[in-house]
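**Q** Can you keep this structure in mind? I'll have questions shortly.
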Amino acid sequence: MGTGSRKENASKKSSSVARENAAPDNVPSVVVAKENNALQIYALDDKAARCGLEAGLPLANARAICPELMVFDADEVADAKILDDIADWCDRFTPLVALDPPHGLFLDITGCAHLFGGEAALLRMICGALTRHGFFVSAAIASTSVCARTLTRGSPGRIVKDGEEAEAVNPLPVSTLGADAAITTGLRRAGLKTIGDVAARAPYEITARFGGDFTTRLAHALGEGDAPISPRKPLPDYIVEKRFAEPVTTENVISITLSQLAHMLVAAMGKQGKGARRLEAGFFRTDGAVRAIVVDTGQPATKAQVIDRLFRERLEALNDPLDPGFGFDLIRLSASRTEIVVQQQRDLDANVHDNDKLADLIDRIAARIGGRRVIVHLPQDTHIPERAVWAAPAQHHLTASAQAAWPARAESEPPLRPLRLFEKPEPIKVPFATVPDGPPHHFTWRRAVHAVVRAEGPERIAMEWWKQDGEVLTRDYFRIEDEAGLRFWIYRDGLYGSELVTEEGKPAPANWFVHGLFA
Amino acid sequence: MMSARMSTLASLRGDIERLEAHGDGYAPNKVALGHAGADATLRGGLAAATVHEVFSAGHQSAAATGFIAGLAGRLAPRRPLVWVRQDFSEIELGALSMSGWAELGLDPRCVVSVRAADVDTALRTAADALACDAVGAVVLELWGEVRQLDLTASRKLTLAAQASGVTGLLLRVAAQPLPSTAESRWIVRAAHSPPAAPLTLAAPGSAWGAPVFDAELVRNRHGPLGRWIMEWKCDECLFGEPAAYPQPVAAAPAHRPHQTQSVFKRSGYRFA
């Protein structure tokens with residue numbers, strides 16, 4: 001075969017909704033959608049087509065032609081979901097699958113076809129499987145995506161060799177190009193019925209009348225130049241997989257398979273000195289459902305045992321456990337992000353060893369409960385108490401946090417910042433302060449009254465006006481100790497005299513909050 | 001038939017003896033807290049590689065947090081600390097603030113926090129962390145009564161701690177003590193700043209507000225109990241006796257009390 005990328009385009013014509021609400025036999029059924037404020041036929045079955053209906057016909061006309069018509073509403077969200085599921089299933093043939101909404105898929109099968117017994121066999125396999133699932137499929141293989149798409153509409157099932165694109169598409173009607181309705185009508189009115197007719201004209205004539213986009217599309221269909229497809233997922237760096245002649249269902253076999261795959265993956269990565277930062281296990285069920293499970297690691301994973309253990313943790317912790325149904329016939333393990341591993345001398349430096357173990361622990365916990373729940377703390381350059389520390393995911397910032405420079409504390413001073421900080425400061429009731437700018441005499445927090453025995457402040461913290469829009473009040477913080485020895489960090493929102501005034505210039509009451517608790 | 005039963009019984013007895021021997025016979029690594037009275041009672045200090053519990057009432061949570069932070073700082077300075085907590089406790093008690101942590105003289109770079117969604121996850125994560133010997137100490141913070149933390153769960157944590165040499169610290173806020181395998185159990189309340197400190201505006205050199213705890217040792221598997229006023233010295237990173245501070249009037253009982261029923265009586269103590 002040629003050197004160009006081979007594209008396959010499978011078009012799914014039947015709407016998911018019609019399939020699910022299967023009408024009784026021998027009653028024609030259609031799916032309708034609202035277009036230009038009128039219900040029009042969106043998709044239809046064979047029996048409806050035999051009655052003389054066609055897509056785009058208003059529903060009223062269709063009812064007049066065929067009164068016993070069964071009508072279903074189109075559900076474009078469900079259609080998109082089905083298309084996405086089919087794309088998931090197609091991942092088993094090639095990692096490069098692109099959506100061609102609303103009904104099509106592109107599969108870049110360059111270098112993949114021989115794994116399935118050649119292009120013809122692959123085409124038969126895909127069409128056969130999808131047809132068995134109740135879809136109406138038309139597929140074609142060609143060296144450019146546009147050409148393949150054109151063929152699925154005009155002559156499905158065709159496999160076009162490199163350089164024969166023009167010959168294949170020339171006899172097809174112009175509507176198969178999939179251009180706008182206006183262009184198609186325009187071409188037909190100009191007497192250009194087939195793609196060959198259009199191609200025979202000089203390109204500048206076509207461009208002048210129908211625009212540059214259409215000329216490009218035509219050129220691509222004729223095999224001159226190619227538009228790249230945009231795959232749904234980035235191409236993984238390494239893929240290993242195991243296919244089963246007999247679907248596997250038992251947990252035991254699945255875990256053994258995963259561990260074998262982990263060994264294969266590690267061997268493949270080890271040859272190039274790489275380690276995996278993100279791993280994805282794909283479980284392909286015989287009935288077409290695909291489940292992908294992703295695991296992230298904090299440092300490149302280079303050991304099969306580590307990968308195996310991470311997946312075991314993840315699988316155990318799944319909210320909806322892996323459901324084998326009638327069995328998996330393909331299990332795939334891919335490393336979607338890899339990094340070069342820096343070899344460290346391990347035996348001399350116990351510290352490095354400990355860090356590795358800690359990173360492993362963090363990875364395991366993160367695999368089970370999610371990477372965002374395991375955090376390290378990084379100091380931030382700000383005076384706002386609630387923003388002074390950034391809780392960063394530990395997997396990615398472990399090294400940064402170990403080297404972070406924290407502001408030094410003042411010697412022989414009591415702690416000036418609370419150990420417990422409320423994310424949202426809690427309002428307290430303050431009847432009066434001893435002096436206008438001073439601390440309160442007593443206050444009510446969580447329905448308990450605390451009399452202030454000792455107080456120190458105010459520590460005035462102005463908000464960062466250059467980062468915020470709207471007026472944010474300055475805070476006066478006080479350290480407070482009550483009669484039971486509890487120590488609070490409270491603040492008054494706003495300054496008397498300047499910020500706490502009503503529109504008439506009268507003093508406004510201040511709001512007080514507890515922001516934290518000292519040990 | 002009879003002999004088979006007897007031999008089973010004998011082997012079971014042997015198993016139990018071995019378990020007990022492991023519990024009693026091993027000489028734990030002790031870490032001095034710095035407070036002379038407490039260290040004497042604990043015979044040298046807090047035992048590492050085991051589990052300790054710290055209880056507090058809901059509004060005293062910050063004091064208990066500070067006390068546990070101090071214990072962790074004593075037990076494993078400059079070693080990673082894993083702090084496991086429930087999502088819920090963050091709302092109820094406030095999040096652990098690393099600014100405040102640094103103000104206590106501890107190193108925020110060593111702290112890895114884990115926010116678990118529920119108690120089961122928290123327990124499991126804590127057990128995992130306890131089994132990892134690269135960690136210095138593990139703090140498990142649980143709010144309220146926790147049904148899942150029974151004798152079995154507690155035993156699991158203790159065994160994991162013994163096997164790896166990591167110390168586990170349980171922070172139990174607003175909970176009643178239940179039977180557990182913990183080496184020691186503390187009840188912590190906040191204590192006044194020393195009365196010598198001026199009441200309102202602090203003059204330089206006599207600042208108030210250092211973390212002072214009223215720590216009551218209500219269970220000690222290998223020694224007597226006691227109750228002390230401790231101050232965490234942020235500069236030296238150890239516990240000590242606060243200056244010019246009267247110790248509790250009631251003498252601490254040297255025997256072990258029957259159970260900790262009267263723990264949360266709000267009677268407290270009075271200063272002389």
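We label chains A, B, ... in the order they appear in the structure tokens, count residues from 1 in each chain, and number ligands from 1 in the order shown.
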Can you build me a table of chain A residues sitting at most 6 Å from chain B, with the closest atom pair per residue and its distance in Å to one decimal, using only C-alpha atoms, sorted by chain and residue number, as a tab-separated table?
**A**
```
residue	atom	partner	partner_atom	distance
A:Asp354	CA	B:Ala134	CA	4.9
A:Lys357	CA	B:Ala134	CA	6.0
A:Leu358	CA	B:Ala134	CA	5.9
A:Arg373	CA	B:Arg115	CA	5.0
A:Val374	CA	B:Val114	CA	4.5
A:Ile375	CA	B:Ser113	CA	5.2
A:Val376	CA	B:Val112	CA	4.9
A:Ser401	CA	B:Arg109	CA	5.7
A:Ala402	CA	B:Arg109	CA	5.3
A:Arg409	CA	B:Glu103	CA	5.7
A:Pro414	CA	B:Ala210	CA	4.6
A:Pro415	CA	B:Glu103	CA	4.9
A:Arg417	CA	B:Gly100	CA	4.7
A:Pro418	CA	B:Gly100	CA	4.8
A:Leu419	CA	B:Gly100	CA	4.2
A:Arg420	CA	B:Leu96	CA	4.9
A:Leu421	CA	B:Gly94	CA	4.9
A:Phe422	CA	B:Gly94	CA	4.2
A:Arg454	CA	B:Thr200	CA	5.1
A:Ala455	CA	B:Thr200	CA	5.6
A:Gly485	CA	B:His192	CA	4.1
A:Leu486	CA	B:Ala190	CA	5.7
A:Leu517	CA	B:Ala62	CA	5.9
A:Ala519	CA	B:Ala63	CA	4.3
```
**Q** When you look at range 27-44 of chain B with a cut-off of 10 Å (counting only C-alpha atoms), what residues show up, excluding the ones that are within fewer than 4 positions of it in the same chain? I need them as number ranges by chain.
**A** B: 22-23, 48-50, 70-71, 73-76, 162, 165, 184, 215-217, 220-233, 236-242, 254
**Q** Check the DSSP output for the backbone and give back, as a ChimeraX atom specification, the residues of range 20-191 of chain A in strand (DSSP E).
**A** /A:29-35,38-44,70-73,97-100,104-108,137-142
**Q** Keeping only C-alpha atoms, write those residues as a PDB file, in the first residue's frame.
**A**
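Resulting contents of part_28.pdb:
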```
ATOM      1  CA  SER A  29     -40.690   5.148  11.718  1.00  0.00           C
ATOM      2  CA  VAL A  30     -38.851   8.438  11.574  1.00  0.00           C
ATOM      3  CA  VAL A  31     -36.918  10.674  13.931  1.00  0.00           C
ATOM      4  CA  VAL A  32     -37.803  14.349  13.766  1.00  0.00           C
ATOM      5  CA  ALA A  33     -35.953  17.478  14.849  1.00  0.00           C
ATOM      6  CA  LYS A  34     -36.977  21.079  14.872  1.00  0.00           C
ATOM      7  CA  GLU A  35     -35.370  23.065  12.106  1.00  0.00           C
ATOM      8  CA  ALA A  38     -40.761  23.307  11.806  1.00  0.00           C
ATOM      9  CA  LEU A  39     -40.452  19.638  12.597  1.00  0.00           C
ATOM     10  CA  GLN A  40     -38.471  17.936   9.879  1.00  0.00           C
ATOM     11  CA  ILE A  41     -37.395  14.374   9.354  1.00  0.00           C
ATOM     12  CA  TYR A  42     -33.916  13.930  10.787  1.00  0.00           C
ATOM     13  CA  ALA A  43     -33.474  10.215  10.210  1.00  0.00           C
ATOM     14  CA  LEU A  44     -35.677   7.445   8.909  1.00  0.00           C
ATOM     15  CA  MET A  70     -44.222   6.302  14.079  1.00  0.00           C
ATOM     16  CA  VAL A  71     -42.462   9.499  15.148  1.00  0.00           C
ATOM     17  CA  PHE A  72     -39.627   9.893  17.652  1.00  0.00           C
ATOM     18  CA  ASP A  73     -37.862  13.027  18.809  1.00  0.00           C
ATOM     19  CA  VAL A  97      -9.684   8.064  16.252  1.00  0.00           C
ATOM     20  CA  ALA A  98     -11.259  11.402  15.383  1.00  0.00           C
ATOM     21  CA  LEU A  99     -14.895  12.421  15.569  1.00  0.00           C
ATOM     22  CA  ASP A 100     -16.601  13.713  12.460  1.00  0.00           C
ATOM     23  CA  GLY A 104     -18.945  10.030  11.308  1.00  0.00           C
ATOM     24  CA  LEU A 105     -15.648   8.781  12.643  1.00  0.00           C
ATOM     25  CA  PHE A 106     -12.169   8.943  11.167  1.00  0.00           C
ATOM     26  CA  LEU A 107      -9.759   6.159  11.963  1.00  0.00           C
ATOM     27  CA  ASP A 108      -6.139   6.661  11.008  1.00  0.00           C
ATOM     28  CA  VAL A 137     -22.679   1.497   8.731  1.00  0.00           C
ATOM     29  CA  SER A 138     -20.994   2.654   5.594  1.00  0.00           C
ATOM     30  CA  ALA A 139     -17.225   2.715   5.546  1.00  0.00           C
ATOM     31  CA  ALA A 140     -14.421   3.252   3.087  1.00  0.00           C
ATOM     32  CA  ILE A 141     -10.649   3.392   3.133  1.00  0.00           C
ATOM     33  CA  ALA A 142      -8.672   6.025   1.272  1.00  0.00           C
TER      34      ALA A 142
END
```
**Q** Provide the CA of Gly370 in chain A to CA of Val139 in chain B distance in Å, to one decimal place.
**A**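 Computing the Euclidean distance for CA of Gly370 in chain A and CA of Val139 in chain B yields 19.5 Å.
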**Q** CA of Arg291 in chain A to CA of Gln305 in chain A: how many Å, to one decimal?
**A**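 Separating CA of Arg291 in chain A from CA of Gln305 in chain A is a distance of 22.4 Å.
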**Q** According to DSSP computed on the backbone, where in range 242-356 of chain A is there helix (DSSP H, G or I)? Give the residues as a PyMOL selection string.
**A** chain A and resi 251-271+304-317+350-356
**Q** What lies within 8 Å of range 203-206 of chain A using only C-alpha atoms, ignoring chain neighbours under 5 positions off, as a list of chain:residue names?
**A** A:Val198, A:Gly211, A:Thr215
**Q** If you keep C-alpha atoms, can you produce a file of those selected residues as a PDB file, in the first residue's frame?
**A**
```
ATOM      1  CA  VAL A 198     -16.519  19.917 -11.131  1.00  0.00           C
ATOM      2  CA  GLY A 211     -15.081  30.027  -2.387  1.00  0.00           C
ATOM      3  CA  THR A 215     -11.812  24.147  -3.755  1.00  0.00           C
TER       4      THR A 215
END
```
**Q** Find the residues around Tyr491 in chain A up to 12 Å (only C-alpha atoms counted), leave out those fewer than 2 positions away in its own chain, and share them as a ChimeraX atom specification.
**A** /A:385,425-430,433,437-440,443,455-462,473-480,488-489,493-495,510-516
**Q** Could you write out the selected residues, including N, CA and C atoms, as a short mmCIF file (atom, residue, chain, number, x, y, z; two decimals), in the first residue's frame?
**A**
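This went into out_28.cif:
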```
data_model
loop_
_atom_site.label_atom_id
_atom_site.label_comp_id
_atom_site.auth_asym_id
_atom_site.auth_seq_id
_atom_site.Cartn_x
_atom_site.Cartn_y
_atom_site.Cartn_z
N PRO A 385 -4.13 36.36 54.96
CA PRO A 385 -3.89 35.11 55.69
C PRO A 385 -4.38 33.87 54.94
N PRO A 425 -14.20 32.87 57.18
CA PRO A 425 -14.26 33.44 58.53
C PRO A 425 -15.67 33.38 59.08
N GLU A 426 -15.79 33.04 60.37
CA GLU A 426 -17.11 32.86 60.94
C GLU A 426 -17.54 34.14 61.64
N PRO A 427 -18.74 34.64 61.31
CA PRO A 427 -19.18 35.90 61.92
C PRO A 427 -19.41 35.74 63.42
N ILE A 428 -19.07 36.75 64.18
CA ILE A 428 -19.33 36.74 65.62
C ILE A 428 -20.13 37.98 65.97
N LYS A 429 -20.84 37.88 67.08
CA LYS A 429 -21.64 39.02 67.54
C LYS A 429 -20.82 39.80 68.55
N VAL A 430 -20.59 41.07 68.26
CA VAL A 430 -19.83 41.92 69.18
C VAL A 430 -20.71 43.08 69.58
N ALA A 433 -17.03 47.57 71.40
CA ALA A 433 -15.59 47.48 71.63
C ALA A 433 -15.24 48.47 72.73
N ASP A 437 -11.46 51.79 68.03
CA ASP A 437 -10.59 50.97 67.21
C ASP A 437 -10.06 49.75 67.96
N GLY A 438 -10.55 49.53 69.16
CA GLY A 438 -9.96 48.49 70.01
C GLY A 438 -10.66 47.16 69.89
N PRO A 439 -10.21 46.20 70.69
CA PRO A 439 -10.82 44.86 70.68
C PRO A 439 -12.17 44.88 71.37
N PRO A 440 -13.00 43.86 71.14
CA PRO A 440 -14.30 43.83 71.81
C PRO A 440 -14.15 43.48 73.29
N PHE A 443 -17.69 38.62 73.12
CA PHE A 443 -18.31 38.33 71.83
C PHE A 443 -18.97 36.96 71.89
N ALA A 455 -5.99 40.85 75.11
CA ALA A 455 -6.13 41.16 73.69
C ALA A 455 -4.88 41.87 73.21
N GLU A 456 -4.52 41.59 72.00
CA GLU A 456 -3.43 42.35 71.42
C GLU A 456 -3.77 42.67 69.97
N GLY A 457 -3.51 43.90 69.60
CA GLY A 457 -3.83 44.32 68.25
C GLY A 457 -4.06 45.82 68.23
N PRO A 458 -4.52 46.37 67.16
CA PRO A 458 -4.81 45.67 65.92
C PRO A 458 -3.56 45.43 65.05
N GLU A 459 -3.62 44.32 64.32
CA GLU A 459 -2.66 44.11 63.24
C GLU A 459 -3.45 44.40 61.97
N ARG A 460 -3.10 45.44 61.32
CA ARG A 460 -3.92 45.91 60.21
C ARG A 460 -3.47 45.25 58.90
N ILE A 461 -4.37 44.56 58.25
CA ILE A 461 -4.03 43.91 56.97
C ILE A 461 -4.95 44.48 55.90
N ALA A 462 -4.35 45.23 54.97
CA ALA A 462 -5.12 45.79 53.86
C ALA A 462 -5.18 44.78 52.74
N LEU A 473 -12.70 45.55 52.13
CA LEU A 473 -12.40 46.30 53.33
C LEU A 473 -11.09 45.86 53.97
N THR A 474 -10.44 46.81 54.62
CA THR A 474 -9.25 46.52 55.39
C THR A 474 -9.65 45.80 56.67
N ARG A 475 -8.77 44.91 57.12
CA ARG A 475 -9.12 44.15 58.34
C ARG A 475 -8.19 44.54 59.48
N ASP A 476 -8.78 44.66 60.66
CA ASP A 476 -7.99 44.87 61.88
C ASP A 476 -8.04 43.58 62.69
N TYR A 477 -6.91 42.90 62.78
CA TYR A 477 -6.87 41.61 63.48
C TYR A 477 -6.46 41.79 64.93
N PHE A 478 -7.08 41.01 65.82
CA PHE A 478 -6.71 41.00 67.24
C PHE A 478 -6.45 39.56 67.67
N ARG A 479 -5.42 39.40 68.48
CA ARG A 479 -5.26 38.12 69.19
C ARG A 479 -6.01 38.28 70.50
N ILE A 480 -6.83 37.29 70.82
CA ILE A 480 -7.72 37.40 71.97
C ILE A 480 -7.54 36.16 72.83
N PHE A 488 -8.15 33.18 70.33
CA PHE A 488 -8.81 33.38 69.03
C PHE A 488 -8.06 34.41 68.21
N TRP A 489 -8.29 34.36 66.92
CA TRP A 489 -7.80 35.40 66.03
C TRP A 489 -9.02 36.01 65.39
N ASP A 493 -14.03 43.95 60.09
CA ASP A 493 -13.98 44.23 58.65
C ASP A 493 -14.21 45.72 58.43
N GLY A 494 -13.19 46.42 58.05
CA GLY A 494 -13.36 47.84 57.73
C GLY A 494 -12.80 48.76 58.79
N LEU A 495 -12.42 49.97 58.37
CA LEU A 495 -11.86 50.97 59.28
C LEU A 495 -12.96 51.96 59.64
N ALA A 510 -19.84 47.79 62.38
CA ALA A 510 -18.77 46.95 61.85
C ALA A 510 -19.16 45.48 61.98
N ASN A 511 -18.66 44.67 61.06
CA ASN A 511 -18.82 43.22 61.18
C ASN A 511 -17.55 42.63 61.75
N TRP A 512 -17.74 41.68 62.67
CA TRP A 512 -16.59 41.01 63.28
C TRP A 512 -16.61 39.54 62.89
N PHE A 513 -15.41 38.97 62.78
CA PHE A 513 -15.30 37.56 62.40
C PHE A 513 -14.23 36.87 63.22
N VAL A 514 -14.44 35.57 63.45
CA VAL A 514 -13.35 34.72 63.95
C VAL A 514 -12.68 34.13 62.73
N HIS A 515 -11.38 34.33 62.60
CA HIS A 515 -10.71 33.77 61.43
C HIS A 515 -9.89 32.53 61.77
N GLY A 516 -9.47 32.42 63.03
CA GLY A 516 -8.66 31.25 63.35
C GLY A 516 -8.58 31.04 64.84
#
```
**Q** Using Å and a single decimal, report how far CA of Gln395 in chain A sits from CA of Arg332 in chain A.
**A**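 Computing it gives 24.5 Å between the two atoms.
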